[in-house]
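Presented below is the structure to which this report refers.
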Amino acid sequence: MKSTAFQYLNLSESIQEYNERFYVVTTSAPEELTSHQLEMKEYYTLNWARSSRVQKTYAISSSGLEKIQNMKNPQYWFVITEGWCGDSSQSLPVMAAIAGHSNGSIDLRIVSRDAHPALLEQYLTNGSMSIPKLIATSFDGEELWQWGPRPKPASELFNSLKEQHKEKEDIYKALHAWYAGNKGQAIEEELLQHII
């Protein structure tokens, strides 16, 4: 049976197309943006800087590189996300780097959460429309596995701070400090456990 995500193949973007769209929002004049983009522009700008930093600092492990270069079963990675999402700014560059080293065995496709909310409604996390959400399929469209919105240690930190009734700003500050310290390794490990 074909995955629901696979049905969005023709509505998805490459990482290059997504990054161009993302960057345009950060550099456009207010009158060139939609009301939603204007409302979220501060987040787009902050996350563009985060994403750029991750691109410069993340390095795939040698064992991870060997694993993806010896993949036997090619996959589409459909990632439902948006540039305003802080977790995505930390994880999408890691996904892109892994796909970029896969010799075409991983085709990373981005599906706009805002343009296609119906897809995310099929992939809720604990009843929530949390992003980024990665749905992996075979090249034939069979669903293989899902991941998101954040790696397990980051989710545990987030939940712990929330249970302590910390302020939202403090929770996200601690979360992004964790991401910076981990340097993408937890994301890589969780994604690559699905590679055969």
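Each chain of the structure tokens is named A, B, ... in the order shown, its residues numbered from 1; ligands are numbered from 1 in display order.
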
request  = Can you pull out every residue within 10 Å of region 98-110 of chain A, counting only C-alpha atoms, but drop anything in the same chain fewer than 4 positions away, and send it as a ChimeraX atom specification?
outcome  = /A:6,8-19,59-61,64-82,92-94,132,134-139,188,191-192,195

Selection to disk with C-alpha atoms, as a compact mmCIF listing (two decimals), in the first residue's frame:
# COMPACT_ATOMS: atom_id res chain seq x y z
CA PHE A 6 4.28 9.42 -1.25
CA TYR A 8 2.73 14.34 -2.17
CA LEU A 9 5.83 13.63 -4.27
CA ASN A 10 4.79 16.07 -7.00
CA LEU A 11 3.90 18.71 -4.39
CA SER A 12 7.24 18.44 -2.59
CA GLU A 13 10.44 20.48 -2.98
CA SER A 14 14.11 19.64 -3.07
CA ILE A 15 16.21 20.93 -0.18
CA GLN A 16 17.61 23.58 -2.53
CA GLU A 17 14.12 24.82 -3.45
CA TYR A 18 13.10 24.84 0.20
CA ASN A 19 16.22 26.78 1.24
CA ALA A 59 29.92 16.30 10.29
CA ILE A 60 28.57 12.84 9.62
CA SER A 61 30.34 10.11 11.58
CA GLY A 64 27.25 6.72 9.52
CA LEU A 65 28.93 7.53 6.23
CA GLU A 66 29.80 3.88 5.64
CA LYS A 67 26.25 2.82 6.47
CA ILE A 68 24.53 5.19 4.03
CA GLN A 69 27.05 4.56 1.26
CA ASN A 70 26.28 0.85 1.52
CA MET A 71 22.48 1.20 1.60
CA LYS A 72 20.70 -1.64 -0.13
CA ASN A 73 17.20 -0.13 -0.13
CA PRO A 74 16.85 3.43 -1.51
CA GLN A 75 14.36 5.71 0.24
CA TYR A 76 12.44 8.93 -0.13
CA TRP A 77 12.59 11.04 3.01
CA PHE A 78 9.49 13.26 3.04
CA VAL A 79 9.93 15.99 5.67
CA ILE A 80 6.89 18.05 6.61
CA THR A 81 8.23 21.35 7.93
CA GLU A 82 8.50 25.15 7.70
CA LEU A 92 16.83 19.43 8.61
CA PRO A 93 20.48 20.32 7.85
CA VAL A 94 21.52 16.97 9.37
CA PRO A 132 9.47 18.45 11.52
CA LEU A 134 9.96 12.69 8.50
CA ILE A 135 8.16 9.88 6.68
CA ALA A 136 10.44 7.45 4.85
CA THR A 137 9.13 5.42 1.92
CA SER A 138 10.63 3.05 -0.60
CA PHE A 139 11.04 4.43 -4.11
CA GLU A 188 22.06 10.99 12.92
CA LEU A 191 17.77 8.24 11.53
CA LEU A 192 20.46 5.77 10.57
CA ILE A 195 19.03 2.17 7.18

Per-residue nearest contacts region 40-121 of chain A to region 21-27 of chain A, cut-off 10 Å, using only C-alpha atoms, as JSON lines:
{"residue": "A:Met40", "atom": "CA", "partner": "A:Val25", "partner_atom": "CA", "distance": 9.3}
{"residue": "A:Lys41", "atom": "CA", "partner": "A:Thr26", "partner_atom": "CA", "distance": 6.4}
{"residue": "A:Glu42", "atom": "CA", "partner": "A:Thr26", "partner_atom": "CA", "distance": 8.2}
{"residue": "A:Tyr43", "atom": "CA", "partner": "A:Thr26", "partner_atom": "CA", "distance": 9.0}
{"residue": "A:Tyr44", "atom": "CA", "partner": "A:Thr26", "partner_atom": "CA", "distance": 6.0}
{"residue": "A:Thr45", "atom": "CA", "partner": "A:Thr26", "partner_atom": "CA", "distance": 5.1}
{"residue": "A:Leu46", "atom": "CA", "partner": "A:Thr26", "partner_atom": "CA", "distance": 8.9}
{"residue": "A:Asn47", "atom": "CA", "partner": "A:Phe22", "partner_atom": "CA", "distance": 9.5}
{"residue": "A:Trp48", "atom": "CA", "partner": "A:Tyr23", "partner_atom": "CA", "distance": 7.2}
{"residue": "A:Ala49", "atom": "CA", "partner": "A:Thr26", "partner_atom": "CA", "distance": 9.9}
{"residue": "A:Glu82", "atom": "CA", "partner": "A:Phe22", "partner_atom": "CA", "distance": 8.1}
{"residue": "A:Gly83", "atom": "CA", "partner": "A:Phe22", "partner_atom": "CA", "distance": 5.7}
{"residue": "A:Trp84", "atom": "CA", "partner": "A:Phe22", "partner_atom": "CA", "distance": 8.7}

Could you take the residues named above and write them with N, CA and C atoms, as a short mmCIF file (atom, residue, chain, number, x, y, z; two decimals), in the first residue's frame?
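The result, written out as selection14.cif:
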data_model
loop_
_atom_site.label_atom_id
_atom_site.label_comp_id
_atom_site.auth_asym_id
_atom_site.auth_seq_id
_atom_site.Cartn_x
_atom_site.Cartn_y
_atom_site.Cartn_z
N MET A 40 5.73 35.75 11.30
CA MET A 40 6.73 34.76 11.70
C MET A 40 8.16 35.12 11.26
N LYS A 41 8.34 36.30 10.67
CA LYS A 41 9.64 36.65 10.08
C LYS A 41 10.79 36.56 11.09
N GLU A 42 10.55 36.98 12.33
CA GLU A 42 11.59 36.90 13.35
C GLU A 42 12.08 35.46 13.53
N TYR A 43 11.15 34.51 13.49
CA TYR A 43 11.50 33.10 13.64
C TYR A 43 12.23 32.58 12.41
N TYR A 44 11.77 32.98 11.22
CA TYR A 44 12.47 32.59 9.99
C TYR A 44 13.92 33.07 10.05
N THR A 45 14.13 34.30 10.44
CA THR A 45 15.48 34.88 10.46
C THR A 45 16.37 34.17 11.48
N LEU A 46 15.86 33.95 12.67
CA LEU A 46 16.60 33.25 13.72
C LEU A 46 16.92 31.83 13.28
N ASN A 47 15.96 31.15 12.68
CA ASN A 47 16.16 29.76 12.28
C ASN A 47 17.06 29.63 11.05
N TRP A 48 17.09 30.65 10.21
CA TRP A 48 18.03 30.63 9.09
C TRP A 48 19.46 30.66 9.64
N ALA A 49 19.70 31.48 10.66
CA ALA A 49 21.03 31.54 11.29
C ALA A 49 21.37 30.21 11.96
N GLU A 82 8.53 23.74 8.11
CA GLU A 82 8.50 25.15 7.70
C GLU A 82 9.73 25.84 8.29
N GLY A 83 10.12 26.93 7.66
CA GLY A 83 11.29 27.69 8.11
C GLY A 83 11.12 28.33 9.47
N TRP A 84 9.89 28.51 9.93
CA TRP A 84 9.68 29.14 11.24
C TRP A 84 9.88 28.17 12.39
#

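Proximity of A:Glu143, A:Lys2, A:Asp87, A:His116 to Lys173 (chain A), computed with only C-alpha atoms, is greatest for A:Asp87.
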
query = Hey, which of A:Val54, A:Glu142, A:Glu167, A:Trp178 ends up closest to Ser155 (chain A)? Count only C-alpha atoms.
reply = A:Trp178

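Of the residues listed (A:Ser160, A:Gln146, A:Gln90, A:Asn126), A:Gln90 shows the shortest atom-to-atom separation from Gly184 (chain A); distances use only C-alpha atoms.
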
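We find CA of Ser91 (chain A) and CA of Ile187 (chain A) to be spaced 6.8 Å apart.
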
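Here CA of Ala5 (chain A) is placed at a distance of 6.9 Å from CA of Leu119 (chain A).
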
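Separating CA of Met129 (chain A) from CA of Lys56 (chain A) is a distance of 29.2 Å.
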
request  = Using backbone DSSP assignments, extract all strand (DSSP E) residues from region 86-178 of chain A; output them as a ChimeraX atom specification.
outcome  = /A:106-112,133-138,143-147

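Closest approach to Gln55 (chain A) from the set A:Gln122, A:Ser89, A:Ser112, A:Ser28 is made by A:Ser89, with distances taken over only C-alpha atoms.
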
All alpha helix (DSSP H) positions in region 15-181 of chain A, as an MDAnalysis selection string = chainID A and resid 15:27 35:57 62:69 86:100 117:120 152:163 168:181

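For Ala177 (chain A), the residues within 12 Å (counting only C-alpha atoms, excluding itself and residues fewer than 6 positions away along the chain) are Arg50, Gly86, Asp87, Gln90, Ala154, Leu157, Phe158, Asp170, Ile171 and Lys183 of chain A.
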